[in-house]
Structure formats: structure tokens, C-alpha cells
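Encoded as C-alpha cells, the structure appears first; notes follow it.
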Amino acid sequence: MCLFRPSTLQVEGERRMVNEASWKGQSIYECELCGYGYTDLETAEECEQYCYSHGSNSPKITRKAARKPPAPNDPIVA
Ligand SMILES: [Zn+2]
């Protein structure tokens, strides 16, 4: 059983899992599973679908991310 359709073009009005957030004046769409943020909804949903079906994110998708999730091993030290 597949809950996810390949087409993500029509998402308005449908149940959406991707979080929409505003960041630095632009909309960011976050994958709820891995936390990566994308500037376009299509990529964010692609990531979520991948995360759901594979149990982890895809480096091919996350490298398009505009924002990385806060990670414990984040090299940036305040
Ligand atoms: Zn993801």
C-alpha cells in the first residue's frame, strides 16, 4: 500500500506533512522527518517521501537543502 503519490504538484488543500516556515524573508519547507529545510515545496516533499519509504534521508536530496537541521555533531560551535 502506497500512501504517497509520485506527483507533488497539487498539494494546496490537501493534508500536508511538510512544515512551512519563514526564514530570512523566504519560505522554507521543512521535512518533518529529517528536519532539512528547502526553499521549494516540491523538494521538501520529495525528501519526506524518501524519508518515509527508506527510513532515512537521501544525500542527493538533502544537498539541495537551504537549511540543515540542528544536529548534536554540528561543527559550528557558538
Ligand atoms: Zn527528509
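In the C-alpha cells, each chain is lettered A, B, ... as it comes, each chain's residues begin at 1, and ligands are numbered from 1 in order of appearance.
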Kindly work out which residues sit at most 9 Å from ligand 1, using only C-alpha atoms and all ligand atoms, and give the list as a CSV table (one decimal) with C-alpha atoms, in the first residue's frame.
```csv
chain,number,residue,atom,x,y,z
A,30,GLU,CA,10.9,21.5,6.3
A,31,CYS,CA,10.9,17.8,6.0
A,32,GLU,CA,9.3,16.6,9.3
A,33,LEU,CA,11.4,13.5,9.4
A,34,CYS,CA,14.9,14.7,8.9
A,35,GLY,CA,14.4,18.4,9.6
A,36,TYR,CA,16.1,19.6,6.5
A,37,GLY,CA,14.6,22.8,5.1
A,44,ALA,CA,10.7,19.1,0.7
A,45,GLU,CA,8.0,16.6,-0.2
A,46,GLU,CA,10.4,14.6,-2.2
A,47,CYS,CA,12.6,14.4,0.9
A,48,GLU,CA,9.7,13.4,3.1
A,49,GLN,CA,8.6,10.7,0.7
A,50,TYR,CA,12.1,9.4,0.6
A,51,CYS,CA,12.5,9.5,4.4
A,52,TYR,CA,9.2,7.7,4.9
A,56,SER,CA,16.5,7.8,6.2
A,57,ASN,CA,17.1,10.9,4.1
A,58,SER,CA,18.8,10.9,0.7
A,61,ILE,CA,18.0,15.5,-1.8
A,62,THR,CA,19.5,16.9,1.3
```
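You can rank A:Gly25, A:Ser53, A:Pro70, A:Lys64 by their closest distance to Tyr38 in chain A using only C-alpha atoms, and at the top of that list sits A:Lys64.
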